[in-house]
file protein_3.csv (CSV, C-alpha atoms)
chain,number,residue,atom,x,y,z
H,1165,MET,CA,-91.6,-6.6,-1.5
H,1166,GLU,CA,-94.0,-7.0,-4.4
H,1167,LEU,CA,-97.4,-5.3,-4.3
H,1168,GLY,CA,-100.4,-6.9,-6.0
H,1169,TYR,CA,-104.1,-6.4,-6.6
H,1170,THR,CA,-106.9,-8.9,-5.9
H,1171,LEU,CA,-109.1,-10.0,-8.8
H,1172,SER,CA,-112.2,-10.9,-6.7
H,1173,SER,CA,-114.0,-13.6,-8.7
H,1174,GLU,CA,-116.8,-13.4,-6.3
H,1175,GLU,CA,-117.6,-9.7,-7.0
H,1176,HIS,CA,-116.8,-9.3,-10.7
H,1177,GLY,CA,-117.8,-11.2,-13.8
H,1178,PRO,CA,-115.3,-12.8,-16.1
H,1179,ALA,CA,-115.0,-10.0,-18.7
H,1180,ARG,CA,-114.6,-7.4,-15.9
H,1181,LEU,CA,-111.9,-9.5,-14.3
H,1182,VAL,CA,-109.9,-9.4,-17.5
H,1183,GLU,CA,-110.4,-5.6,-17.7
H,1184,LEU,CA,-109.3,-5.2,-14.1
H,1185,ALA,CA,-106.1,-7.3,-14.7
H,1186,ALA,CA,-105.1,-5.0,-17.6
H,1187,LYS,CA,-105.8,-1.9,-15.5
H,1188,ALA,CA,-103.8,-3.3,-12.6
H,1189,GLU,CA,-100.9,-3.7,-15.0
H,1190,ASP,CA,-101.4,-0.2,-16.4
H,1191,VAL,CA,-101.2,1.5,-13.0
H,1192,GLY,CA,-98.1,-0.4,-11.9
H,1193,PHE,CA,-99.0,-3.3,-9.7
H,1194,ASP,CA,-96.4,-6.1,-9.7
H,1195,PHE,CA,-98.9,-8.9,-9.8
H,1196,VAL,CA,-102.6,-9.9,-9.5
H,1197,SER,CA,-104.1,-12.7,-7.5
H,1198,ILE,CA,-107.3,-14.3,-8.7
H,1199,SER,CA,-109.6,-16.5,-6.5
H,1200,ASP,CA,-110.9,-19.9,-7.6
H,1201,HIS,CA,-114.4,-20.5,-6.3
H,1202,TYR,CA,-117.5,-22.4,-7.6
H,1203,HIS,CA,-119.7,-20.1,-5.5
H,1204,PRO,CA,-119.4,-16.7,-3.9
H,1205,TRP,CA,-119.8,-16.5,-0.2
H,1206,LEU,CA,-122.8,-14.2,-0.3
H,1207,SER,CA,-125.4,-13.7,-2.9
H,1208,GLU,CA,-124.7,-10.0,-2.9
H,1209,GLN,CA,-121.3,-10.7,-4.4
H,1210,GLY,CA,-123.0,-12.3,-7.3
H,1211,HIS,CA,-120.2,-14.0,-9.3
H,1212,ALA,CA,-118.0,-17.1,-9.5
H,1213,SER,CA,-116.5,-17.7,-13.0
H,1214,PHE,CA,-114.3,-20.6,-14.1
H,1215,VAL,CA,-110.8,-19.4,-13.2
H,1216,TRP,CA,-108.9,-21.2,-15.9
H,1217,GLY,CA,-111.0,-19.6,-18.7
H,1218,VAL,CA,-110.4,-16.2,-17.2
H,1219,LEU,CA,-106.7,-16.8,-16.9
H,1220,GLY,CA,-106.4,-17.6,-20.6
H,1221,ALA,CA,-108.1,-14.2,-21.4
H,1222,ILE,CA,-105.8,-12.4,-18.9
H,1223,SER,CA,-102.8,-13.9,-20.7
H,1224,ARG,CA,-103.9,-12.1,-23.9
H,1225,ALA,CA,-104.8,-8.8,-22.2
H,1226,THR,CA,-101.6,-8.3,-20.3
H,1227,SER,CA,-97.9,-8.6,-21.1
H,1228,ARG,CA,-95.9,-7.9,-17.9
H,1229,ILE,CA,-97.8,-8.4,-14.7
H,1230,GLY,CA,-97.4,-11.5,-12.6
H,1231,VAL,CA,-100.5,-13.7,-12.1
H,1232,GLY,CA,-101.3,-16.0,-9.2
H,1233,VAL,CA,-104.2,-18.2,-8.4
H,1234,GLY,CA,-105.1,-17.7,-4.8
H,1235,VAL,CA,-106.0,-20.5,-4.3
H,1236,THR,CA,-107.0,-23.6,-6.1
H,1237,CYS,CA,-108.1,-26.8,-4.3
H,1238,PRO,CA,-106.9,-29.9,-6.1
H,1239,ILE,CA,-108.3,-32.5,-3.7
H,1240,ILE,CA,-112.1,-33.0,-4.4
H,1241,ARG,CA,-113.9,-30.9,-7.0
H,1242,VAL,CA,-111.0,-31.1,-9.5
H,1243,HIS,CA,-108.6,-34.1,-9.6
H,1244,PRO,CA,-104.9,-33.1,-9.2
H,1245,ALA,CA,-104.1,-34.5,-12.7
H,1246,ILE,CA,-106.5,-32.0,-14.2
H,1247,VAL,CA,-105.1,-29.1,-12.1
H,1248,ALA,CA,-101.6,-30.1,-13.2
H,1249,HIS,CA,-102.8,-29.9,-16.9
H,1250,ALA,CA,-104.7,-26.6,-16.5
H,1251,ALA,CA,-101.8,-25.0,-14.7
H,1252,ALA,CA,-99.2,-26.2,-17.2
H,1253,THR,CA,-101.2,-24.8,-20.0
H,1254,THR,CA,-101.7,-21.5,-18.2
H,1255,ALA,CA,-98.0,-21.3,-17.5
H,1256,CYS,CA,-97.3,-21.7,-21.3
H,1257,LEU,CA,-99.6,-18.7,-21.9
H,1258,LEU,CA,-98.0,-16.7,-19.0
H,1259,PRO,CA,-94.3,-17.7,-19.3
H,1260,GLY,CA,-92.4,-16.6,-16.2
H,1261,ARG,CA,-95.5,-14.8,-14.8
H,1262,PHE,CA,-97.6,-17.6,-13.3
H,1263,THR,CA,-97.8,-18.8,-9.7
H,1264,LEU,CA,-100.1,-21.7,-8.6
H,1265,GLY,CA,-101.6,-21.3,-5.1
H,1266,LEU,CA,-102.9,-24.6,-3.7
H,1267,GLY,CA,-105.0,-25.2,-0.6
H,1268,THR,CA,-107.4,-27.6,1.1
H,1269,GLY,CA,-110.4,-25.6,0.0
H,1270,GLU,CA,-113.8,-25.0,1.5
H,1271,ALA,CA,-116.9,-27.1,1.6
H,1272,LEU,CA,-118.8,-24.2,-0.1
H,1273,ASN,CA,-117.0,-25.1,-3.4
H,1274,GLU,CA,-115.9,-28.7,-3.0
H,1275,HIS,CA,-119.0,-30.5,-1.9
H,1276,ILE,CA,-120.8,-30.0,-5.2
H,1277,THR,CA,-119.8,-33.3,-6.7
H,1278,GLY,CA,-121.4,-35.2,-3.8
H,1279,GLN,CA,-118.2,-36.5,-2.3
H,1280,ARG,CA,-117.6,-36.5,1.4
H,1281,TRP,CA,-116.1,-33.4,2.9
H,1282,PRO,CA,-113.3,-34.8,5.0
H,1283,PRO,CA,-111.8,-33.4,8.3
H,1284,ALA,CA,-108.9,-31.0,8.2
H,1285,ASP,CA,-106.1,-33.5,8.8
H,1286,VAL,CA,-107.4,-35.7,6.0
H,1287,ARG,CA,-107.6,-32.7,3.6
H,1288,LEU,CA,-104.0,-31.9,4.4
H,1289,GLU,CA,-103.0,-35.5,3.7
H,1290,MET,CA,-104.9,-35.3,0.4
H,1291,LEU,CA,-103.2,-32.0,-0.5
H,1292,GLU,CA,-99.7,-33.4,0.1
H,1293,GLU,CA,-100.4,-36.3,-2.2
H,1294,ALA,CA,-102.0,-34.0,-4.8
H,1295,ILE,CA,-98.9,-31.7,-4.9
H,1296,GLY,CA,-96.7,-34.7,-5.4
H,1297,ILE,CA,-98.9,-35.8,-8.4
H,1298,ILE,CA,-98.8,-32.3,-9.9
H,1299,ARG,CA,-95.0,-32.1,-9.7
H,1300,GLN,CA,-94.6,-35.5,-11.2
H,1301,LEU,CA,-96.8,-34.6,-14.2
H,1302,TRP,CA,-94.9,-31.4,-14.8
H,1303,THR,CA,-91.8,-33.4,-15.6
H,1304,GLY,CA,-93.4,-34.4,-18.9
H,1305,ASP,CA,-92.9,-38.1,-18.1
H,1306,ASN,CA,-95.6,-40.7,-18.4
H,1307,ILE,CA,-97.0,-41.0,-14.9
H,1308,ASN,CA,-98.7,-43.9,-13.0
H,1309,HIS,CA,-99.7,-43.3,-9.4
H,1310,HIS,CA,-101.8,-45.5,-7.1
H,1311,GLY,CA,-101.9,-43.7,-3.8
H,1312,ARG,CA,-104.1,-43.5,-0.8
H,1313,HIS,CA,-106.5,-40.9,-2.2
H,1314,TYR,CA,-105.7,-40.7,-6.0
H,1315,THR,CA,-105.1,-42.8,-9.0
H,1316,VAL,CA,-103.4,-41.6,-12.1
H,1317,GLU,CA,-102.9,-44.0,-15.1
H,1318,ASP,CA,-100.7,-43.4,-18.1
H,1319,ALA,CA,-100.9,-39.6,-17.9
H,1320,ARG,CA,-98.5,-37.3,-19.6
H,1321,ILE,CA,-98.6,-33.6,-20.0
H,1322,PHE,CA,-97.1,-32.6,-23.4
H,1323,ASP,CA,-97.5,-28.8,-23.2
H,1324,HIS,CA,-95.4,-27.6,-20.2
H,1325,LEU,CA,-92.5,-25.3,-19.4
H,1326,SER,CA,-89.0,-26.6,-18.7
H,1327,ASP,CA,-89.0,-24.4,-15.5
H,1328,PRO,CA,-91.6,-25.6,-13.1
H,1329,VAL,CA,-94.4,-23.3,-11.9
H,1330,PRO,CA,-93.9,-22.1,-8.3
H,1331,ILE,CA,-96.4,-23.7,-5.9
H,1332,VAL,CA,-97.5,-21.5,-3.0
H,1333,VAL,CA,-99.4,-23.4,-0.3
H,1334,SER,CA,-102.2,-21.8,1.7
H,1335,ALA,CA,-101.9,-22.3,5.4
H,1336,PHE,CA,-104.0,-21.4,8.5
H,1337,GLY,CA,-102.2,-23.3,11.2
H,1338,PRO,CA,-99.0,-25.1,12.2
H,1339,GLN,CA,-99.8,-28.3,10.4
H,1340,ALA,CA,-100.5,-26.6,7.1
H,1341,ALA,CA,-97.5,-24.3,7.5
H,1342,ALA,CA,-95.3,-27.4,8.0
H,1343,LEU,CA,-96.8,-28.9,4.8
H,1344,ALA,CA,-96.1,-25.7,2.9
H,1345,ALA,CA,-92.5,-25.9,4.2
H,1346,ARG,CA,-92.2,-29.5,3.0
H,1347,CYS,CA,-94.0,-29.4,-0.3
H,1348,GLY,CA,-94.3,-25.8,-1.5
H,1349,ASP,CA,-92.2,-23.0,-2.9
H,1350,GLY,CA,-93.9,-20.6,-0.5
H,1351,ILE,CA,-96.8,-20.0,1.8
H,1352,TRP,CA,-100.1,-18.1,1.4
H,1353,ALA,CA,-101.6,-16.8,4.6
H,1354,THR,CA,-104.1,-14.5,6.2
H,1355,GLY,CA,-103.1,-13.1,9.6
H,1356,PRO,CA,-99.5,-13.8,8.5
H,1357,GLY,CA,-97.5,-13.3,11.8
H,1358,LYS,CA,-98.1,-16.6,13.5
H,1359,THR,CA,-98.5,-18.6,10.3
H,1360,PHE,CA,-95.2,-17.2,8.9
H,1361,ALA,CA,-93.4,-18.0,12.1
H,1362,ASP,CA,-94.7,-21.6,12.0
H,1363,TYR,CA,-93.6,-21.9,8.4
H,1364,GLU,CA,-90.1,-20.6,9.2
H,1365,HIS,CA,-89.9,-22.9,12.3
H,1366,ALA,CA,-90.7,-25.9,10.0
H,1367,GLY,CA,-87.9,-24.9,7.6
H,1368,GLY,CA,-89.8,-22.9,5.1
H,1369,ARG,CA,-87.7,-20.4,3.2
H,1370,GLY,CA,-89.9,-19.6,0.1
H,1371,GLN,CA,-92.2,-16.8,-0.9
H,1372,ARG,CA,-94.7,-15.4,1.6
H,1373,TRP,CA,-98.0,-14.2,0.2
H,1374,THR,CA,-100.9,-12.4,2.0
H,1375,GLN,CA,-104.0,-10.4,1.2
H,1376,LEU,CA,-105.0,-7.1,2.8
H,1377,THR,CA,-108.7,-6.4,2.4
H,1378,MET,CA,-109.9,-2.7,2.3
H,1379,CYS,CA,-112.6,-0.5,1.0
H,1380,TRP,CA,-111.6,2.8,-0.5
H,1381,ALA,CA,-114.5,5.2,-0.7
H,1382,ARG,CA,-115.2,8.9,-0.7
H,1383,SER,CA,-116.2,8.8,3.0
H,1384,ARG,CA,-115.6,6.3,5.8
H,1385,ASP,CA,-119.3,5.7,6.2
H,1386,GLU,CA,-119.7,4.9,2.5
H,1387,GLY,CA,-116.7,2.5,2.7
H,1388,VAL,CA,-118.2,0.7,5.8
H,1389,GLN,CA,-121.6,0.4,4.1
H,1390,THR,CA,-120.0,-1.2,1.0
H,1391,ALA,CA,-117.7,-3.5,3.0
H,1392,PHE,CA,-120.7,-4.6,5.1
H,1393,ARG,CA,-122.9,-5.3,2.1
H,1394,TYR,CA,-120.4,-7.2,0.0
H,1395,TRP,CA,-117.8,-8.7,2.4
H,1396,ARG,CA,-119.3,-9.2,5.9
H,1397,ASN,CA,-118.2,-12.9,5.5
H,1398,THR,CA,-114.8,-11.6,6.6
H,1399,ALA,CA,-116.2,-11.9,10.2
H,1400,VAL,CA,-116.8,-15.7,9.9
H,1401,PRO,CA,-114.0,-17.4,11.9
H,1402,GLY,CA,-111.5,-19.8,10.4
H,1403,GLN,CA,-112.8,-23.4,10.6
H,1404,LEU,CA,-116.4,-22.4,10.3
H,1405,SER,CA,-115.6,-20.7,7.0
H,1406,GLN,CA,-114.1,-24.0,5.8
H,1407,ASP,CA,-117.1,-26.1,6.7
H,1408,LEU,CA,-120.2,-24.2,5.8
H,1409,PRO,CA,-121.5,-25.8,2.6
H,1410,THR,CA,-123.8,-23.2,0.9
H,1411,VAL,CA,-124.2,-19.5,0.3
H,1412,PHE,CA,-127.4,-19.7,2.4
H,1413,HIS,CA,-125.4,-21.0,5.4
H,1414,PHE,CA,-122.9,-18.1,5.0
H,1415,GLU,CA,-125.8,-15.6,4.9
H,1416,GLN,CA,-127.2,-17.2,8.1
H,1417,ALA,CA,-123.8,-17.1,9.8
H,1418,THR,CA,-123.3,-13.4,8.9
H,1419,SER,CA,-126.7,-12.4,10.1
H,1420,ILE,CA,-125.2,-11.5,13.5
H,1421,VAL,CA,-122.4,-9.5,11.9
H,1422,THR,CA,-122.7,-5.7,12.5
H,1423,LYS,CA,-121.3,-2.8,10.5
H,1424,ASP,CA,-119.1,-2.0,13.5
H,1425,MET,CA,-117.6,-5.4,13.4
H,1426,VAL,CA,-116.7,-5.0,9.7
H,1427,ALA,CA,-115.4,-1.5,10.3
H,1428,ASP,CA,-113.1,-2.8,13.0
H,1429,SER,CA,-111.5,-5.3,10.8
H,1430,VAL,CA,-111.4,-3.6,7.4
H,1431,PRO,CA,-109.8,-0.2,6.6
H,1432,CYS,CA,-112.6,1.9,5.0
H,1433,GLY,CA,-112.7,5.4,3.5
H,1434,PRO,CA,-110.4,7.8,1.7
H,1435,ASP,CA,-107.5,7.9,4.2
H,1436,PRO,CA,-104.4,6.1,3.0
H,1437,ALA,CA,-102.9,5.9,6.5
H,1438,PRO,CA,-104.6,2.7,7.7
H,1439,ILE,CA,-103.8,0.9,4.5
H,1440,LEU,CA,-100.2,2.0,4.6
H,1441,GLU,CA,-100.1,0.8,8.2
H,1442,SER,CA,-101.6,-2.6,7.3
H,1443,ILE,CA,-99.0,-3.0,4.5
H,1444,GLU,CA,-96.2,-2.2,6.9
H,1445,LYS,CA,-97.4,-4.7,9.5
H,1446,ALA,CA,-97.6,-7.4,6.8
H,1447,ARG,CA,-94.1,-6.5,5.6
H,1448,GLN,CA,-92.7,-6.6,9.1
H,1449,ALA,CA,-94.3,-10.0,9.6
H,1450,GLY,CA,-92.3,-11.3,6.7
H,1451,ALA,CA,-94.7,-11.0,3.7
H,1452,ASP,CA,-92.9,-10.4,0.4
H,1453,HIS,CA,-96.0,-10.6,-1.8
H,1454,ILE,CA,-98.8,-8.3,-0.5
H,1455,TYR,CA,-101.9,-7.8,-2.5
H,1456,LEU,CA,-104.8,-5.4,-2.0
H,1457,HIS,CA,-108.4,-6.4,-2.1
H,1458,GLN,CA,-110.7,-3.5,-2.8
H,1459,ILE,CA,-114.2,-4.4,-1.8
H,1460,GLY,CA,-117.2,-3.5,-4.0
H,1461,PRO,CA,-117.9,-2.2,-7.5
H,1462,ASP,CA,-115.8,1.0,-7.4
H,1463,GLN,CA,-112.6,-0.4,-8.7
H,1464,ASP,CA,-111.9,2.6,-10.9
H,1465,GLY,CA,-112.0,4.9,-7.9
H,1466,PHE,CA,-109.6,2.6,-6.1
H,1467,PHE,CA,-107.2,2.7,-9.0
H,1468,ASP,CA,-107.2,6.5,-9.1
H,1469,PHE,CA,-106.6,6.5,-5.3
H,1470,TYR,CA,-103.7,4.0,-5.8
H,1471,GLN,CA,-102.1,6.2,-8.5
H,1472,SER,CA,-102.6,9.5,-6.8
H,1473,GLN,CA,-102.0,8.7,-3.1
H,1474,LEU,CA,-101.1,5.1,-2.2
H,1475,ARG,CA,-98.4,4.4,-4.8
H,1476,PRO,CA,-96.5,7.7,-4.3
H,1477,ALA,CA,-96.5,7.1,-0.5
H,1478,LEU,CA,-95.2,3.6,-0.9
H,1479,GLN,CA,-92.5,4.7,-3.4
H,1480,SER,CA,-91.3,7.4,-1.0
H,1481,GLY,CA,-91.3,4.9,1.9
H,1482,VAL,CA,-94.0,6.7,3.9
H,1483,GLY,CA,-95.7,4.2,6.3
H,1484,SER,CA,-94.5,1.1,4.5
H,1485,GLY,CA,-90.8,0.9,4.5
H,1486,SER,CA,-89.2,1.0,1.0
H,1487,ARG,CA,-90.1,-1.1,-2.0
call {"tool": "encode", "arguments": {"input": "protein_3.csv", "output": "C-alpha cells"}}
result
Amino acid sequence: MELGYTLSSEEHGPARLVELAAKAEDVGFDFVSISDHYHPWLSEQGHASFVWGVLGAISRATSRIGVGVGVTCPIIRVHPAIVAHAAATTACLLPGRFTLGLGTGEALNEHITGQRWPPADVRLEMLEEAIGIIRQLWTGDNINHHGRHYTVEDARIFDHLSDPVPIVVSAFGPQAAALAARCGDGIWATGPGKTFADYEHAGGRGQRWTQLTMCWARSRDEGVQTAFRYWRNTAVPGQLSQDLPTVFHFEQATSIVTKDMVADSVPCGPDPAPILESIEKARQAGADHIYLHQIGPDQDGFFDFYQSQLRPALQSGVGSGSR
C-alpha cells in the first residue's frame, strides 16, 4: 500500500500547492494527488489554478515523490490531443513519477466553453475514445483520427517518454468500472468497496486509488466547523454533483447540509483512531493507493500530526495493517 496526500486545488493557491507538495515529500508521503478543476465547489474554498502549470513547478520543487492528477477530464473543456500533449510533457519533467487520472468530469468545470453537457453514458463513450487517442499520440507516431466525437489531424508528440504514463480511470458505477478495466491501468474511486468489486468482476487488475477526506484539528468541534465551512459539498450525492453547473448551484444544494451531516461522514479532530480505521477499511476493500485530504487551511498542523502520530502508528501496523 502506498500512502499519499491530497493537493486540494480548490482550497489552496498555486504557490501554496507547490509548497505543500514539497512538504509532503519531506514528511515521507509516497505520492501526492492534485485535482484539476476550473472552479471550486464552494466560494469559501476560493481557488482553482491551472493544474498543468502547477505540475511543472512541482517537478522542480520535488525529487522523489509520485505525482498523480486526480482527475483530468479529456472530453469537453480540453481536447484529448491537448491532454495527451500536456501529460507527455509533465511525464518528461517527472520521469517515473507521474500518473494520469482521467474521468468524465463535472458540469461545474466542463460547461464553460458552451458545449452541451451530455448524459453519463455518452460521457463514458467520449472518455473511451479520448483514452484511445491519448495512447495513440504517446507512441510518437503521426496520428490521424476521425471518430464519433473527436478529430485529430496530423498530430505528433515529439517530447514523450518511451515508457507510457499509467492511466487510472475514475469510476462511480459498474459501467465506468468496466471501462476502467478495458482501457485503464487502474481505477480511481470513492466508496471503493462496490466499485472495486465491479472493476475486478470486469477483469480489472491494475492500481486502485481512493481518497480519504478528514479534518485534523485541536478539537473535534473545531474540525467539524472547518469541515462544514470548506467541504460541506461532500454531502452532495453522486449524480447531482456531476450535473450542477455553477458554484452558486452547489451553494444552494448545500444549504440543507448540517454540521452533524458533515461530522458523520468526515473524521474530525485530534484522534488518529478514526483515520486509521478509514485507512484500514480502504485497504481491506482493495485500495493500494490511499491518499489523505486534510480539509482547511491548517495543513502545517496536519503534517505535524502525521509525523508525530499517524505515520508511527501506520509503520507499526496499528489500525491499518502493515505498509
call {"tool": "residues_around", "arguments": {"input": "protein_3.csv", "residues": "H:Arg1224", "least_positions_apart": "3", "cutoff": "10 Å", "atoms": "all atoms listed in the file", "output": "PyMOL selection string"}}
result
chain H and resi 1182+1186+1219-1221+1227+1257-1258
call {"tool": "closest_residue", "arguments": {"input": "protein_3.csv", "among": "H:Ala1294, H:Ala1252, H:Ile1240, H:Leu1408", "to": "H:Pro1282", "atoms": "all atoms listed in the file"}}
result
H:Ile1240
call {"tool": "atom_distance", "arguments": {"input": "protein_3.csv", "atom1": "atom CA of H:Gly1230", "atom2": "atom CA of H:Ile1295"}}
result
21.7 Å
call {"tool": "residues_around", "arguments": {"input": "protein_3.csv", "residues": "H:Ser1173", "least_positions_apart": "2", "cutoff": "7 Å", "atoms": "all atoms listed in the file", "output": "PyMOL selection string"}}
result
chain H and resi 1171+1175-1177+1198-1199+1211-1213
call {"tool": "residues_near_point", "arguments": {"input": "protein_3.csv", "point": "(-95.1, -17.3, -15.5)", "cutoff": "10 Å", "atoms": "all atoms listed in the file", "output": "list in words"}}
result
Ser1223, Arg1228, Ile1229, Gly1230, Val1231, Gly1232, Ala1252, Thr1254, Ala1255, Cys1256, Leu1257, Leu1258, Pro1259, Gly1260, Arg1261, Phe1262, Thr1263, Leu1264, Leu1325, Asp1327, Pro1328, Val1329 and Pro1330 of chain H
call {"tool": "residues_around", "arguments": {"input": "protein_3.csv", "residues": "stretch 1309-1323 of chain H", "least_positions_apart": "3", "cutoff": "12 Å", "atoms": "all atoms listed in the file", "output": "PDB file with C-alpha atoms, in the frame of the given file"}}
result
ATOM      1  CA  PRO H1238    -106.900 -29.900  -6.100  1.00  0.00           C
ATOM      2  CA  ILE H1239    -108.300 -32.500  -3.700  1.00  0.00           C
ATOM      3  CA  ILE H1240    -112.100 -33.000  -4.400  1.00  0.00           C
ATOM      4  CA  VAL H1242    -111.000 -31.100  -9.500  1.00  0.00           C
ATOM      5  CA  HIS H1243    -108.600 -34.100  -9.600  1.00  0.00           C
ATOM      6  CA  PRO H1244    -104.900 -33.100  -9.200  1.00  0.00           C
ATOM      7  CA  ALA H1245    -104.100 -34.500 -12.700  1.00  0.00           C
ATOM      8  CA  ILE H1246    -106.500 -32.000 -14.200  1.00  0.00           C
ATOM      9  CA  VAL H1247    -105.100 -29.100 -12.100  1.00  0.00           C
ATOM     10  CA  ALA H1248    -101.600 -30.100 -13.200  1.00  0.00           C
ATOM     11  CA  HIS H1249    -102.800 -29.900 -16.900  1.00  0.00           C
ATOM     12  CA  ALA H1250    -104.700 -26.600 -16.500  1.00  0.00           C
ATOM     13  CA  ALA H1251    -101.800 -25.000 -14.700  1.00  0.00           C
ATOM     14  CA  ALA H1252     -99.200 -26.200 -17.200  1.00  0.00           C
ATOM     15  CA  THR H1253    -101.200 -24.800 -20.000  1.00  0.00           C
ATOM     16  CA  THR H1254    -101.700 -21.500 -18.200  1.00  0.00           C
ATOM     17  CA  ALA H1255     -98.000 -21.300 -17.500  1.00  0.00           C
ATOM     18  CA  CYS H1256     -97.300 -21.700 -21.300  1.00  0.00           C
ATOM     19  CA  LEU H1257     -99.600 -18.700 -21.900  1.00  0.00           C
ATOM     20  CA  PRO H1282    -113.300 -34.800   5.000  1.00  0.00           C
ATOM     21  CA  VAL H1286    -107.400 -35.700   6.000  1.00  0.00           C
ATOM     22  CA  ARG H1287    -107.600 -32.700   3.600  1.00  0.00           C
ATOM     23  CA  LEU H1288    -104.000 -31.900   4.400  1.00  0.00           C
ATOM     24  CA  GLU H1289    -103.000 -35.500   3.700  1.00  0.00           C
ATOM     25  CA  MET H1290    -104.900 -35.300   0.400  1.00  0.00           C
ATOM     26  CA  LEU H1291    -103.200 -32.000  -0.500  1.00  0.00           C
ATOM     27  CA  GLU H1292     -99.700 -33.400   0.100  1.00  0.00           C
ATOM     28  CA  GLU H1293    -100.400 -36.300  -2.200  1.00  0.00           C
ATOM     29  CA  ALA H1294    -102.000 -34.000  -4.800  1.00  0.00           C
ATOM     30  CA  ILE H1295     -98.900 -31.700  -4.900  1.00  0.00           C
ATOM     31  CA  GLY H1296     -96.700 -34.700  -5.400  1.00  0.00           C
ATOM     32  CA  ILE H1297     -98.900 -35.800  -8.400  1.00  0.00           C
ATOM     33  CA  ILE H1298     -98.800 -32.300  -9.900  1.00  0.00           C
ATOM     34  CA  ARG H1299     -95.000 -32.100  -9.700  1.00  0.00           C
ATOM     35  CA  GLN H1300     -94.600 -35.500 -11.200  1.00  0.00           C
ATOM     36  CA  LEU H1301     -96.800 -34.600 -14.200  1.00  0.00           C
ATOM     37  CA  TRP H1302     -94.900 -31.400 -14.800  1.00  0.00           C
ATOM     38  CA  THR H1303     -91.800 -33.400 -15.600  1.00  0.00           C
ATOM     39  CA  GLY H1304     -93.400 -34.400 -18.900  1.00  0.00           C
ATOM     40  CA  ASP H1305     -92.900 -38.100 -18.100  1.00  0.00           C
ATOM     41  CA  ASN H1306     -95.600 -40.700 -18.400  1.00  0.00           C
ATOM     42  CA  SER H1326     -89.000 -26.600 -18.700  1.00  0.00           C
TER      43      SER H1326
END
call {"tool": "closest_residue", "arguments": {"input": "protein_3.csv", "among": "H:Pro1204, H:His1365, H:Gln1375, H:Val1233", "to": "H:Val1333", "atoms": "only C-alpha atoms"}}
result
H:Val1233
call {"tool": "closest_residue", "arguments": {"input": "protein_3.csv", "among": "H:Leu1272, H:Ala1451, H:Ala1353, H:Cys1379", "to": "H:Phe1467", "atoms": "all atoms listed in the file"}}
result
H:Cys1379
call {"tool": "atom_distance", "arguments": {"input": "protein_3.csv", "atom1": "atom CA of H:Asp1349", "atom2": "atom CA of H:Glu1441"}}
result
27.4 Å
call {"tool": "closest_atom_pairs", "arguments": {"input": "protein_3.csv", "of": "stretch 1237-1315 of chain H", "to": "stretch 1410-1418 of chain H", "cutoff": "12 Å", "atoms": "all atoms listed in the file", "output": "CSV"}}
result
residue,atom,partner,partner_atom,distance
H:Glu1270,CA,H:Thr1410,CA,10.2
H:Ala1271,CA,H:Thr1410,CA,8.0
H:Leu1272,CA,H:Thr1410,CA,5.2
H:Asn1273,CA,H:Thr1410,CA,8.3
H:Glu1274,CA,H:Thr1410,CA,10.4
H:His1275,CA,H:Thr1410,CA,9.2
H:Ile1276,CA,H:Thr1410,CA,9.6
call {"tool": "closest_residue", "arguments": {"input": "protein_3.csv", "among": "H:Ser1429, H:Thr1354, H:Thr1359, H:Thr1277", "to": "H:Gly1402", "atoms": "only C-alpha atoms"}}
result
H:Thr1354
call {"tool": "atom_distance", "arguments": {"input": "protein_3.csv", "atom1": "atom CA of H:Asp1362", "atom2": "atom CA of H:Phe1336"}}
result
9.9 Å
call {"tool": "residues_around", "arguments": {"input": "protein_3.csv", "residues": "H:Ser1442", "least_positions_apart": "6", "cutoff": "12 Å", "atoms": "only C-alpha atoms", "output": "list of chain:residue names"}}
result
H:Gly1355, H:Pro1356, H:Thr1374, H:Gln1375, H:Leu1376, H:Thr1377, H:Met1378, H:Ser1429, H:Val1430, H:Pro1431, H:Pro1436, H:Gln1448, H:Ala1449, H:Ala1451, H:Ile1454, H:Tyr1455, H:Leu1456, H:Gly1483, H:Ser1484, H:Gly1485
call {"tool": "residues_around", "arguments": {"input": "protein_3.csv", "residues": "H:Gly1460", "least_positions_apart": "5", "cutoff": "12 Å", "atoms": "all atoms listed in the file", "output": "list in words"}}
result
Thr1170, Leu1171, Ser1172, Ser1173, Glu1174, Glu1175, His1176, Glu1208, Gln1209, Gly1210, Thr1377, Met1378, Cys1379, Trp1380, Ala1381, Glu1386, Gly1387, Val1388, Gln1389, Thr1390, Ala1391, Phe1392, Arg1393, Tyr1394, Trp1395, Arg1396, Cys1432, Gly1465 and Phe1466 of chain H
